[in-house]
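S.K.: Next comes query-v1.cif, mmCIF, C-alpha atoms:
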data_upload
loop_
_atom_site.label_atom_id
_atom_site.label_comp_id
_atom_site.auth_asym_id
_atom_site.auth_seq_id
_atom_site.Cartn_x
_atom_site.Cartn_y
_atom_site.Cartn_z
CA MET W 2 -135.55 -88.97 -76.31
CA LEU W 3 -136.79 -90.03 -72.90
CA LEU W 4 -135.69 -86.70 -71.51
CA LEU W 5 -137.63 -84.90 -74.20
CA ALA W 6 -140.91 -86.66 -73.47
CA PRO W 7 -141.93 -84.51 -70.47
CA LEU W 8 -141.07 -81.39 -72.43
CA LEU W 9 -143.20 -82.50 -75.37
CA THR W 10 -146.08 -83.17 -72.97
CA LEU W 11 -145.73 -79.65 -71.69
CA PHE W 12 -145.94 -78.25 -75.21
CA VAL W 13 -149.05 -80.16 -76.25
CA GLN W 14 -151.02 -79.36 -73.10
CA THR W 15 -153.94 -77.08 -73.83
CA PRO W 16 -153.62 -73.86 -71.88
CA ALA W 17 -156.31 -73.34 -69.27
CA PRO W 18 -159.06 -71.06 -70.56
CA GLU W 19 -158.73 -67.49 -69.40
CA ARG W 20 -160.98 -66.52 -66.53
CA PHE W 21 -162.54 -63.16 -65.90
CA LEU W 22 -163.87 -61.49 -62.80
CA PRO W 23 -166.51 -58.91 -63.67
CA ARG W 24 -166.42 -55.94 -61.35
CA LEU W 25 -168.99 -53.34 -60.50
CA ASP W 26 -168.43 -49.77 -59.35
CA PRO W 27 -170.39 -49.55 -56.08
CA ALA W 28 -171.33 -45.95 -56.87
CA ALA W 29 -172.78 -46.82 -60.30
CA SER W 30 -176.44 -47.12 -61.16
CA ILE W 31 -178.65 -47.84 -64.15
CA THR W 32 -182.08 -46.58 -65.12
CA LEU W 33 -184.64 -48.95 -66.55
CA GLU W 34 -187.80 -48.17 -68.47
CA ALA W 35 -190.67 -50.59 -68.07
CA SER W 36 -193.17 -51.81 -70.66
CA TRP W 37 -196.04 -54.23 -70.25
CA SER W 38 -198.45 -55.01 -73.04
CA PRO W 39 -201.78 -56.81 -72.72
CA CYS W 40 -202.12 -60.40 -73.81
CA LYS W 41 -202.47 -60.66 -77.57
CA ARG W 42 -204.12 -64.06 -77.65
CA SER W 43 -204.96 -66.67 -75.06
CA LYS W 44 -206.38 -70.13 -75.15
CA TYR W 45 -209.47 -69.61 -73.00
CA GLY W 46 -210.04 -65.85 -72.99
CA LEU W 47 -209.33 -65.43 -69.28
CA PHE W 48 -206.92 -62.53 -69.90
CA ALA W 49 -209.69 -60.57 -71.61
CA GLU W 50 -212.30 -61.45 -68.97
CA THR W 51 -210.16 -60.48 -65.95
CA GLU W 52 -209.98 -56.76 -65.23
CA VAL W 53 -206.42 -56.63 -63.90
CA LEU W 54 -205.16 -58.55 -66.95
CA ARG W 55 -206.89 -56.42 -69.58
CA ALA W 56 -204.58 -53.41 -69.47
CA PRO W 57 -201.58 -54.14 -67.24
CA ALA W 58 -199.26 -51.26 -66.42
CA PRO W 59 -195.86 -51.20 -64.71
CA ALA W 60 -195.78 -49.94 -61.13
CA GLU W 61 -193.01 -47.49 -62.11
CA ALA W 62 -192.40 -46.55 -65.73
CA ARG W 63 -188.82 -45.46 -64.97
CA ARG W 64 -186.62 -46.33 -62.04
CA THR W 65 -182.93 -46.06 -61.23
CA HIS W 66 -181.35 -49.16 -59.76
CA PRO W 67 -178.16 -48.86 -57.73
CA ALA W 68 -175.11 -51.10 -58.19
CA ALA W 69 -176.00 -52.94 -54.99
CA GLU W 70 -179.00 -54.44 -56.81
CA LEU W 71 -176.82 -55.65 -59.67
CA ALA W 72 -173.99 -57.02 -57.54
CA PRO W 73 -175.70 -60.37 -56.73
CA PHE W 74 -175.74 -61.22 -60.46
CA LEU W 75 -171.94 -61.21 -60.69
CA PRO W 76 -170.03 -64.47 -60.18
CA PRO W 77 -168.42 -65.05 -56.80
CA GLY W 78 -165.02 -65.63 -58.47
CA PRO W 79 -163.34 -65.56 -61.89
CA VAL W 80 -165.26 -67.43 -64.62
CA GLU W 81 -164.61 -68.61 -68.17
CA VAL W 82 -166.67 -67.47 -71.12
CA GLY W 83 -169.69 -69.79 -71.23
CA GLU W 84 -169.55 -70.67 -67.54
CA VAL W 85 -172.85 -70.68 -65.62
CA TRP W 86 -173.31 -69.83 -61.93
CA PRO W 87 -176.31 -69.60 -59.62
CA VAL W 88 -177.59 -66.20 -58.58
CA PRO W 89 -179.39 -65.73 -55.25
CA ARG W 90 -183.09 -66.21 -55.91
CA ALA W 91 -184.18 -62.86 -54.50
CA ALA W 92 -181.74 -60.87 -56.69
CA ILE W 93 -184.33 -60.40 -59.43
CA LEU W 94 -186.99 -58.97 -57.14
CA PRO W 95 -185.90 -55.29 -56.90
CA PHE W 96 -186.11 -55.18 -60.68
CA LEU W 97 -189.39 -57.03 -61.09
CA ARG W 98 -191.02 -54.89 -58.41
CA GLN W 99 -190.66 -52.03 -60.85
CA LEU W 100 -193.24 -53.99 -62.84
CA HIS W 101 -195.39 -55.03 -59.91
CA PRO W 102 -194.93 -55.02 -56.12
CA GLY W 103 -196.29 -58.55 -56.01
CA ALA W 104 -193.20 -60.03 -57.70
CA ARG W 105 -191.86 -63.08 -55.92
CA ALA W 106 -189.12 -65.59 -56.53
CA GLU W 107 -190.83 -68.49 -54.75
CA LEU W 108 -193.08 -70.15 -57.27
CA ALA W 109 -196.47 -71.72 -56.63
CA TYR W 110 -195.06 -74.64 -58.65
CA GLY W 111 -192.23 -75.19 -61.12
CA GLU W 112 -188.49 -74.59 -61.04
CA PRO W 113 -187.53 -71.40 -59.20
CA GLY W 114 -184.16 -69.69 -59.37
CA THR W 115 -181.82 -67.53 -61.38
CA PHE W 116 -178.66 -68.53 -63.25
CA ALA W 117 -176.19 -66.33 -65.08
CA CYS W 118 -173.61 -66.97 -67.78
CA LEU W 119 -170.60 -65.00 -68.99
CA ARG W 120 -171.50 -64.74 -72.68
CA ALA W 121 -168.82 -62.47 -74.12
CA VAL W 122 -165.67 -60.59 -73.27
CA GLY W 123 -164.03 -57.82 -75.24
CA PRO W 124 -161.13 -55.50 -74.53
CA ARG W 125 -163.38 -52.96 -72.86
CA ARG W 126 -166.64 -54.68 -72.12
CA LEU W 127 -168.18 -57.93 -71.05
CA GLU W 128 -171.68 -59.26 -71.25
CA LEU W 129 -173.65 -61.50 -68.92
CA LEU W 130 -176.80 -63.32 -69.92
CA PHE W 131 -179.06 -64.49 -67.13
CA ARG W 132 -182.36 -66.28 -66.75
CA ALA W 133 -184.76 -65.85 -63.85
CA HIS W 134 -187.96 -67.66 -62.96
CA ALA W 135 -190.39 -65.55 -60.95
CA GLU W 136 -194.08 -64.78 -60.77
CA LEU W 137 -196.27 -61.77 -60.06
CA GLN W 138 -199.15 -61.90 -57.60
CA LEU W 139 -201.22 -59.16 -59.21
CA THR W 140 -204.10 -59.36 -56.73
CA PRO W 141 -204.91 -61.94 -54.05
CA GLU W 142 -206.89 -63.79 -56.73
CA VAL W 143 -204.71 -63.36 -59.82
CA LEU W 144 -201.33 -65.04 -60.23
CA TYR W 145 -199.30 -64.08 -63.33
CA ARG W 146 -196.66 -66.65 -64.30
CA PRO W 147 -194.23 -65.50 -67.00
CA ALA W 148 -192.32 -68.22 -68.85
CA GLN W 149 -189.00 -66.73 -67.76
CA PHE W 150 -187.15 -63.44 -67.69
CA GLU W 151 -184.01 -63.13 -69.79
CA GLY W 152 -181.48 -60.56 -68.64
CA ARG W 153 -178.56 -59.09 -70.52
CA LEU W 154 -176.04 -56.95 -68.68
CA LEU W 155 -173.25 -55.09 -70.43
CA LEU W 156 -170.44 -53.93 -68.16
CA ASP W 157 -167.43 -51.71 -68.70
CA ARG W 158 -164.55 -53.96 -67.64
CA GLU W 159 -162.26 -51.25 -66.38
CA LEU W 160 -164.69 -48.86 -64.73
CA GLY W 161 -167.20 -51.46 -63.58
CA THR W 162 -170.09 -49.35 -64.80
CA PRO W 163 -173.25 -50.97 -66.14
CA LEU W 164 -173.58 -49.75 -69.73
CA ALA W 165 -176.83 -51.48 -70.64
CA LEU W 166 -179.30 -53.82 -69.01
CA SER W 167 -182.42 -55.49 -70.27
CA ILE W 168 -184.70 -57.89 -68.44
CA VAL W 169 -187.38 -59.18 -70.78
CA LEU W 170 -190.00 -61.84 -71.15
CA PRO W 171 -189.02 -63.58 -74.41
CA ASP W 172 -191.64 -62.81 -77.03
CA ARG W 173 -193.06 -66.11 -78.09
CA ASP W 174 -196.47 -67.63 -78.39
CA THR W 175 -197.20 -68.76 -75.62
CA ASN W 176 -195.31 -67.12 -72.74
CA VAL W 177 -197.54 -66.34 -69.75
CA ASP W 178 -199.72 -68.60 -67.66
CA VAL W 179 -202.35 -67.13 -65.32
CA ASN W 180 -204.30 -68.61 -62.44
CA VAL W 181 -207.44 -66.76 -61.38
CA LEU W 182 -209.00 -67.86 -58.11
CA GLN W 183 -212.78 -68.03 -58.14
CA PRO W 184 -213.51 -67.19 -54.49
CA ASP W 185 -217.15 -68.24 -54.63
CA GLN W 186 -216.34 -71.59 -56.16
CA GLY W 187 -213.12 -72.25 -54.24
CA TYR W 188 -211.02 -73.19 -57.26
CA SER W 189 -208.79 -71.47 -59.80
CA LEU W 190 -209.22 -71.08 -63.52
CA ALA W 191 -206.07 -71.22 -65.64
CA ASP W 192 -205.18 -69.82 -69.03
CA ILE W 193 -202.09 -69.44 -71.15
CA GLY W 194 -201.42 -66.62 -73.55
CA HIS W 195 -199.02 -64.56 -75.58
CA VAL W 196 -197.81 -61.29 -74.06
CA PRO W 197 -195.68 -59.53 -76.69
CA GLU W 198 -193.92 -57.19 -74.28
CA LEU W 199 -193.00 -57.34 -70.62
CA SER W 200 -189.66 -55.67 -70.18
CA LEU W 201 -187.27 -53.49 -68.25
CA VAL W 202 -184.76 -51.89 -70.57
CA SER W 203 -182.11 -49.21 -70.12
CA PRO W 204 -182.00 -46.51 -72.80
CA ALA W 205 -179.11 -47.60 -75.00
CA PRO W 206 -176.11 -45.26 -74.75
CA PRO W 207 -174.55 -44.25 -78.08
CA GLY W 208 -171.51 -45.98 -79.54
CA LEU W 209 -172.06 -49.43 -78.16
CA ALA W 210 -171.11 -51.54 -81.17
CA PRO W 211 -169.84 -54.70 -79.51
CA SER W 212 -166.30 -55.84 -80.08
CA TRP W 213 -165.74 -59.28 -78.57
CA GLU W 214 -162.51 -61.23 -78.27
CA ARG W 215 -164.24 -64.27 -76.82
CA GLU W 216 -167.90 -65.11 -76.96
CA ILE W 217 -170.43 -67.86 -77.25
CA PRO W 218 -173.61 -67.43 -79.33
CA ASP W 219 -176.80 -66.42 -77.55
CA ALA W 220 -178.28 -69.83 -78.40
CA SER W 221 -175.46 -71.65 -76.60
CA ALA W 222 -175.74 -69.44 -73.54
CA ARG W 223 -179.50 -69.95 -73.47
CA ARG W 224 -179.07 -73.72 -73.75
CA SER W 225 -176.61 -73.73 -70.86
CA LEU W 226 -178.98 -71.66 -68.74
CA ALA W 227 -181.91 -73.97 -69.57
CA ARG W 228 -179.78 -76.96 -68.55
CA ALA W 229 -179.15 -75.34 -65.20
CA PHE W 230 -182.90 -75.44 -64.57
CA TYR W 231 -184.03 -78.64 -66.25
CA ARG W 232 -182.36 -82.05 -66.42
CA PHE W 233 -184.19 -82.92 -69.63
CA ALA W 234 -182.58 -79.93 -71.36
CA ARG W 235 -179.43 -82.04 -71.71
CA LEU W 236 -181.23 -83.99 -74.46
CA ASP W 237 -181.02 -82.82 -78.02
CA TRP W 238 -184.63 -81.75 -78.68
CA LEU W 239 -185.11 -81.35 -82.42
CA PRO W 240 -187.90 -79.50 -84.22
CA PHE W 241 -190.72 -81.93 -85.12
CA GLU W 242 -189.93 -82.22 -88.82
CA ASP W 243 -186.19 -82.51 -88.23
CA ALA W 244 -186.83 -85.23 -85.66
CA LEU W 245 -188.84 -87.29 -88.15
CA THR W 246 -186.16 -86.87 -90.80
CA HIS W 247 -183.44 -87.87 -88.35
CA ALA W 248 -185.44 -90.86 -87.08
CA SER W 249 -185.96 -92.09 -90.60
CA ALA W 250 -182.24 -91.83 -91.34
CA THR W 251 -181.09 -93.45 -88.09
CA GLU W 252 -183.99 -95.92 -87.71
CA LYS W 253 -184.53 -94.73 -84.17
CA PRO W 254 -187.98 -94.34 -82.62
CA VAL W 255 -189.26 -90.88 -81.79
CA LEU W 256 -190.53 -89.45 -78.53
CA VAL W 257 -192.99 -86.65 -79.25
CA LEU W 258 -194.22 -84.40 -76.47
CA VAL W 259 -197.32 -82.48 -77.46
CA LEU W 260 -198.20 -79.52 -75.25
CA PHE W 261 -200.08 -76.26 -75.30
CA GLY W 262 -197.14 -74.35 -73.78
CA THR W 263 -193.39 -74.42 -74.11
CA LEU W 264 -191.56 -77.40 -72.59
CA ASP W 265 -188.43 -75.64 -71.40
CA ASP W 266 -189.89 -72.72 -69.50
CA GLU W 267 -192.44 -72.03 -66.77
CA SER W 268 -195.38 -70.95 -68.93
CA CYS W 269 -197.09 -74.32 -68.97
CA MET P 29 -193.90 -84.01 -66.22
CA ARG P 30 -190.82 -81.76 -65.95
CA ALA P 31 -190.30 -82.64 -62.30
CA GLY P 32 -191.33 -86.30 -62.79
CA PRO P 33 -190.30 -88.60 -65.64
CA LEU P 34 -188.32 -85.91 -67.45
CA SER P 35 -186.09 -85.47 -64.41
CA ASP P 36 -185.46 -89.18 -63.93
CA ALA P 37 -182.01 -90.48 -64.89
CA ARG P 38 -183.33 -93.83 -66.22
CA VAL P 39 -185.81 -92.10 -68.51
CA LEU P 40 -183.29 -89.52 -69.68
CA ASP P 41 -180.56 -92.11 -70.30
CA ARG P 42 -182.89 -94.19 -72.47
CA LEU P 43 -184.13 -91.17 -74.37
CA GLU P 44 -180.59 -89.99 -74.97
CA ARG P 45 -179.37 -93.40 -76.12
CA ASP P 46 -182.27 -94.84 -78.06
CA PHE P 47 -184.67 -92.10 -79.16
CA VAL P 48 -184.95 -89.01 -81.25
CA CYS P 49 -186.74 -86.43 -79.10
CA THR P 50 -188.99 -83.58 -80.07
CA TRP P 51 -191.68 -81.40 -78.51
CA ILE P 52 -194.28 -79.33 -80.28
CA LEU P 53 -197.23 -77.08 -79.44
CA HIS P 54 -200.56 -78.66 -80.31
CA ASP P 55 -201.55 -75.65 -82.43
CA ASP P 56 -198.34 -75.95 -84.46
CA LEU P 57 -198.93 -79.65 -84.91
CA VAL P 58 -202.40 -79.00 -86.31
CA ARG P 59 -200.98 -76.39 -88.69
CA LEU P 60 -198.31 -78.84 -89.85
CA GLY P 61 -200.92 -81.53 -90.34
CA ASP P 62 -202.98 -79.21 -92.52
CA GLY P 63 -199.96 -78.13 -94.55
CA PRO P 64 -198.35 -79.49 -97.69
CA GLY P 65 -195.14 -80.80 -96.09
CA PRO P 66 -193.98 -84.41 -96.40
CA TRP P 67 -194.58 -85.02 -92.70
CA ALA P 68 -198.15 -83.68 -92.73
CA PRO P 69 -199.84 -87.12 -92.54
CA ILE P 70 -197.82 -88.03 -89.45
CA ALA P 71 -198.48 -84.64 -87.86
CA LYS P 72 -202.18 -85.12 -88.50
CA ASP P 73 -202.16 -88.59 -86.90
CA VAL P 74 -200.30 -87.31 -83.84
CA ALA P 75 -202.63 -84.31 -83.50
CA GLN P 76 -205.65 -86.60 -83.63
CA ALA P 77 -204.18 -88.93 -81.02
CA TYR P 78 -203.22 -86.06 -78.68
CA ALA P 79 -204.67 -86.20 -75.18
CA TYR P 80 -205.02 -82.85 -73.39
CA PRO P 81 -203.05 -81.16 -71.90
CA VAL P 82 -199.63 -82.85 -72.17
CA ASP P 83 -199.22 -86.04 -74.10
CA SER P 84 -196.11 -88.13 -74.77
CA LEU P 85 -196.17 -90.34 -77.82
CA VAL P 86 -193.70 -92.89 -79.10
CA LEU P 87 -193.50 -93.28 -82.86
CA SER P 88 -191.60 -95.79 -84.93
CA SER P 89 -188.83 -94.46 -87.13
CA GLU P 90 -191.41 -94.43 -89.94
CA GLY P 91 -193.83 -92.34 -87.91
CA GLU P 92 -196.32 -95.00 -86.81
CA ILE P 93 -197.79 -94.31 -83.35
CA LEU P 94 -196.70 -97.14 -81.04
CA GLY P 95 -198.01 -95.81 -77.75
CA HIS P 96 -198.80 -92.72 -75.71
CA VAL P 97 -199.23 -91.61 -72.14
CA ALA P 98 -201.18 -88.52 -71.14
CA ALA P 99 -199.73 -86.62 -68.19
CA ASN P 100 -203.18 -86.29 -66.63
CA GLU P 101 -203.66 -90.05 -66.64
CA ASP P 102 -200.22 -91.28 -65.63
CA SER P 103 -197.30 -89.05 -64.73
CA SER P 104 -195.31 -91.82 -63.02
CA ILE P 105 -191.78 -92.73 -63.97
CA GLU P 106 -192.72 -96.40 -64.31
CA GLY P 107 -195.53 -95.46 -66.66
CA TYR P 108 -193.09 -93.49 -68.77
CA LEU P 109 -190.61 -96.34 -68.89
CA ARG P 110 -193.43 -98.61 -70.07
CA LEU P 111 -194.20 -96.11 -72.81
CA LEU P 112 -190.58 -96.24 -73.97
CA ASP P 113 -190.80 -100.04 -73.93
CA ALA P 114 -193.47 -99.72 -76.62
CA ALA P 115 -190.69 -98.83 -79.02
CA GLY P 116 -189.03 -102.18 -78.39
CA ARG P 117 -185.80 -100.54 -77.30
#
Rewrite the coordinates I just gave you, this time as structure tokens.
M.R.:
Amino acid sequence: MLLLAPLLTLFVQTPAPERFLPRLDPAASITLEASWSPCKRSKYGLFAETEVLRAPAPAEARRTHPAAELAPFLPPGPVEVGEVWPVPRAAILPFLRQLHPGARAELAYGEPGTFACLRAVGPRRLELLFRAHAELQLTPEVLYRPAQFEGRLLLDRELGTPLALSIVLPDRDTNVDVNVLQPDQGYSLADIGHVPELSLVSPAPPGLAPSWEREIPDASARRSLARAFYRFARLDWLPFEDALTHASATEKPVLVLVLFGTLDDESC
Amino acid sequence: MRAGPLSDARVLDRLERDFVCTWILHDDLVRLGDGPGPWAPIAKDVAQAYAYPVDSLVLSSEGEILGHVAANEDSSIEGYLRLLDAAGR
């Protein structure tokens, strides 16, 4: 029996999760189409009053990005599904400069950076989800601060070709903060608004119905990415009504944060 | 707020252990307060107590407001810990 014990231990050990190393064909490229809609609604009307914010347009409607621009988003070594890794801050800039040449990864304030996560792996494809914080200096006076950019990159595992890529500002009310310097007065005015579309998206190739062997839901990947930026994201933040119901059931007090912008992004 | 109290281990440990946490946009809170839901009276009270632009409130498990701290007035970690003390935990 004693001799069997080590063997039994071997059998009950959980196998290490499989790890994957996404690869990229250095000769590959991907074309992205840009869209940028005006602000639909803002708190103080500054978007409507400021000329450059009234009808924003991408610097280049269509641009082809080489593999070298995608390479920094890949992990430095093999990763498990759900694993998060940091991406060099400047990696997002060649893409965002398709929207505006004033894109920058150093923020006036807030949490800069980019993190990526291996969300799903199938027999032929894998998908990365990433989150980048960056801002656009539209003019010397106007600073445009999107809440975040969410990227989704679909790669062919064998060929290393990028099959699809999207980099989008999540569409939620509110999602962009602006600071407009008043040169005569020497101070800035701020506003926060809802921009329905700010995106770089590759035209979807046909026949891309996903077939995953391992995956985590988008919501889990997003939560992991948020936790990479913010310590408080480790807490279980419930919707207001759910929190009151839960507090009543558990007899715990409630912490309520009331804001005019989202807590877990850079829009406020 | 994000870089201050909400990044502090003491604050986060207490919130994780002793509190139910939620955040909400002021506009949504006003809508909830004006709605027919069972939590509308509490939403209305919280909306009325809100101090611009970011306010943290501690409520009892029954929804009574026990204390609040506006980020513009006090964004210190000690101030936040005192707010959590208002819950008696």
S.K.: To test your reading of the syntax: which residues would the PyMOL selection byres ((chain P) within 8 of (chain W)) return for the file shown? Reply as an MDAnalysis selection string.
M.R.: chainID P and resid 30:31 34:35 40 43:44 46:55 67 78 80:91 115
S.K.: Could you work out how far atom CA of Ala135 of chain W lies from atom CA of Trp37 of chain W, giving the answer in Å with one decimal?
M.R.: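 Taking atom CA of Trp37 of chain W and atom CA of Ala135 of chain W, their separation equals 15.7 Å.
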S.K.: Segment 60-63 of chain P: which residues within 10 Å, counting all atoms listed in the file, same-chain residues fewer than 2 positions away excluded, as an MDAnalysis selection string?
M.R.: (chainID W and resid 241:242) or (chainID P and resid 54:58 65:76)
S.K.: At what distance in Å, to one decimal, does atom CA of Ile217 of chain W lie from atom CA of Leu71 of chain W?
M.R.: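 So the two atoms, atom CA of Leu71 of chain W and atom CA of Ile217 of chain W, lie 22.3 Å apart.
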S.K.: Could you state which residues are captured by the PyMOL selection byres ((chain W and resi 161) around 10) in this file, as a PDB file with C-alpha atoms, in the coordinates of the input?
M.R.:
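Written out: part.pdb:
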ATOM      1  CA  PRO W  23    -166.510 -58.910 -63.670  1.00  0.00           C
ATOM      2  CA  ARG W  24    -166.420 -55.940 -61.350  1.00  0.00           C
ATOM      3  CA  LEU W  25    -168.990 -53.340 -60.500  1.00  0.00           C
ATOM      4  CA  ASP W  26    -168.430 -49.770 -59.350  1.00  0.00           C
ATOM      5  CA  PRO W  27    -170.390 -49.550 -56.080  1.00  0.00           C
ATOM      6  CA  ALA W  28    -171.330 -45.950 -56.870  1.00  0.00           C
ATOM      7  CA  ALA W  29    -172.780 -46.820 -60.300  1.00  0.00           C
ATOM      8  CA  ALA W  68    -175.110 -51.100 -58.190  1.00  0.00           C
ATOM      9  CA  ARG W 126    -166.640 -54.680 -72.120  1.00  0.00           C
ATOM     10  CA  LEU W 127    -168.180 -57.930 -71.050  1.00  0.00           C
ATOM     11  CA  LEU W 155    -173.250 -55.090 -70.430  1.00  0.00           C
ATOM     12  CA  LEU W 156    -170.440 -53.930 -68.160  1.00  0.00           C
ATOM     13  CA  ASP W 157    -167.430 -51.710 -68.700  1.00  0.00           C
ATOM     14  CA  ARG W 158    -164.550 -53.960 -67.640  1.00  0.00           C
ATOM     15  CA  GLU W 159    -162.260 -51.250 -66.380  1.00  0.00           C
ATOM     16  CA  LEU W 160    -164.690 -48.860 -64.730  1.00  0.00           C
ATOM     17  CA  THR W 162    -170.090 -49.350 -64.800  1.00  0.00           C
ATOM     18  CA  PRO W 163    -173.250 -50.970 -66.140  1.00  0.00           C
ATOM     19  CA  LEU W 164    -173.580 -49.750 -69.730  1.00  0.00           C
TER      20      LEU W 164
END
S.K.: For a test of reading the model, state the distance in Å between atom CA of Asp102 of chain P and atom CA of Asn180 of chain W, rounded to one decimal.
M.R.: 23.3 Å
S.K.: Restricting the calculation to all atoms listed in the file: of W:Ala121, W:Val143, W:Leu22, W:Val80, which residue gets closest to Glu216 of chain W?
M.R.: W:Ala121
S.K.: Within 6 Å of (-192.5, -89.8, -66.0), only C-alpha atoms: residues as a PDB file with C-alpha atoms, in the coordinates of the input?
M.R.:
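out24.pdb, written as the output of this step:
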ATOM      1  CA  MET P  29    -193.900 -84.010 -66.220  1.00  0.00           C
ATOM      2  CA  GLY P  32    -191.330 -86.300 -62.790  1.00  0.00           C
ATOM      3  CA  PRO P  33    -190.300 -88.600 -65.640  1.00  0.00           C
ATOM      4  CA  LEU P  34    -188.320 -85.910 -67.450  1.00  0.00           C
ATOM      5  CA  SER P 103    -197.300 -89.050 -64.730  1.00  0.00           C
ATOM      6  CA  SER P 104    -195.310 -91.820 -63.020  1.00  0.00           C
ATOM      7  CA  ILE P 105    -191.780 -92.730 -63.970  1.00  0.00           C
ATOM      8  CA  TYR P 108    -193.090 -93.490 -68.770  1.00  0.00           C
TER       9      TYR P 108
END
S.K.: Using only C-alpha atoms, which of the listed residues (W:Leu182, W:Val82, W:Leu54, W:Ala104) sits closest to Pro18 of chain W?
M.R.: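 Smallest distance to Pro18 of chain W is found for W:Val82.
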S.K.: Report as an mmCIF file with C-alpha atoms, in the coordinates of the input all protein, DNA and RNA residues lying within 10 Å of Pro141 of chain W, evaluated on all atoms listed in the file, omitting residues in the same chain fewer than 3 positions from it.
M.R.:
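Final file, out_3.cif:
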data_model
loop_
_atom_site.group_PDB
_atom_site.id
_atom_site.type_symbol
_atom_site.label_atom_id
_atom_site.label_comp_id
_atom_site.auth_asym_id
_atom_site.auth_seq_id
_atom_site.Cartn_x
_atom_site.Cartn_y
_atom_site.Cartn_z
ATOM 1 C CA GLY W 103 -196.290 -58.550 -56.010
ATOM 2 C CA GLN W 138 -199.150 -61.900 -57.600
ATOM 3 C CA LEU W 144 -201.330 -65.040 -60.230
ATOM 4 C CA VAL W 181 -207.440 -66.760 -61.380
ATOM 5 C CA LEU W 182 -209.000 -67.860 -58.110
#
S.K.: Need the axis-aligned box for segment 225-232 of chain W with 6 Å each side, so what are the centre and edges in Å to one decimal, as AutoDock Vina command-line options?
M.R.:
--center_x -180.3 --center_y -76.9 --center_z -67.7 --size_x 19.4 --size_y 22.4 --size_z 18.3
S.K.: If I put a ball of radius 8 Å at (-187.9, -54.9, -69.8) in the file's coordinates, which residues poke into it when counting only C-alpha atoms, written as a list of chain:residue names?
M.R.: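 All residues meeting the 8 Å criterion around (-187.9, -54.9, -69.8) are W:Leu33, W:Glu34, W:Ala35, W:Ser36, W:Ser167, W:Ile168, W:Val169, W:Leu170, W:Glu198, W:Leu199, W:Ser200, W:Leu201, W:Val202.
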S.K.: Here's the selection I'm unsure about, the PyMOL selection byres ((chain W and resi 229) around 12); applied to the file above, which residues does it give, as an mmCIF file with C-alpha atoms, keeping the file's coordinate frame?
M.R.:
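Once everything was written out, this is out16.cif:
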data_model
loop_
_atom_site.group_PDB
_atom_site.id
_atom_site.type_symbol
_atom_site.label_atom_id
_atom_site.label_comp_id
_atom_site.auth_asym_id
_atom_site.auth_seq_id
_atom_site.Cartn_x
_atom_site.Cartn_y
_atom_site.Cartn_z
ATOM 1 C CA GLU W 84 -169.550 -70.670 -67.540
ATOM 2 C CA VAL W 85 -172.850 -70.680 -65.620
ATOM 3 C CA TRP W 86 -173.310 -69.830 -61.930
ATOM 4 C CA PRO W 87 -176.310 -69.600 -59.620
ATOM 5 C CA VAL W 88 -177.590 -66.200 -58.580
ATOM 6 C CA GLU W 112 -188.490 -74.590 -61.040
ATOM 7 C CA PRO W 113 -187.530 -71.400 -59.200
ATOM 8 C CA GLY W 114 -184.160 -69.690 -59.370
ATOM 9 C CA THR W 115 -181.820 -67.530 -61.380
ATOM 10 C CA PHE W 116 -178.660 -68.530 -63.250
ATOM 11 C CA ALA W 117 -176.190 -66.330 -65.080
ATOM 12 C CA CYS W 118 -173.610 -66.970 -67.780
ATOM 13 C CA PHE W 131 -179.060 -64.490 -67.130
ATOM 14 C CA ARG W 132 -182.360 -66.280 -66.750
ATOM 15 C CA ALA W 133 -184.760 -65.850 -63.850
ATOM 16 C CA HIS W 134 -187.960 -67.660 -62.960
ATOM 17 C CA ALA W 222 -175.740 -69.440 -73.540
ATOM 18 C CA ARG W 223 -179.500 -69.950 -73.470
ATOM 19 C CA ARG W 224 -179.070 -73.720 -73.750
ATOM 20 C CA SER W 225 -176.610 -73.730 -70.860
ATOM 21 C CA LEU W 226 -178.980 -71.660 -68.740
ATOM 22 C CA ALA W 227 -181.910 -73.970 -69.570
ATOM 23 C CA ARG W 228 -179.780 -76.960 -68.550
ATOM 24 C CA PHE W 230 -182.900 -75.440 -64.570
ATOM 25 C CA TYR W 231 -184.030 -78.640 -66.250
ATOM 26 C CA ARG W 232 -182.360 -82.050 -66.420
ATOM 27 C CA PHE W 233 -184.190 -82.920 -69.630
ATOM 28 C CA ALA W 234 -182.580 -79.930 -71.360
ATOM 29 C CA ARG W 235 -179.430 -82.040 -71.710
ATOM 30 C CA ASP W 265 -188.430 -75.640 -71.400
ATOM 31 C CA ASP W 266 -189.890 -72.720 -69.500
#
S.K.: Between W:Leu97, W:Ala148, W:Ala165, W:Cys40, which is the closest to Glu128 of chain W once you count all atoms listed in the file?
M.R.: W:Ala165
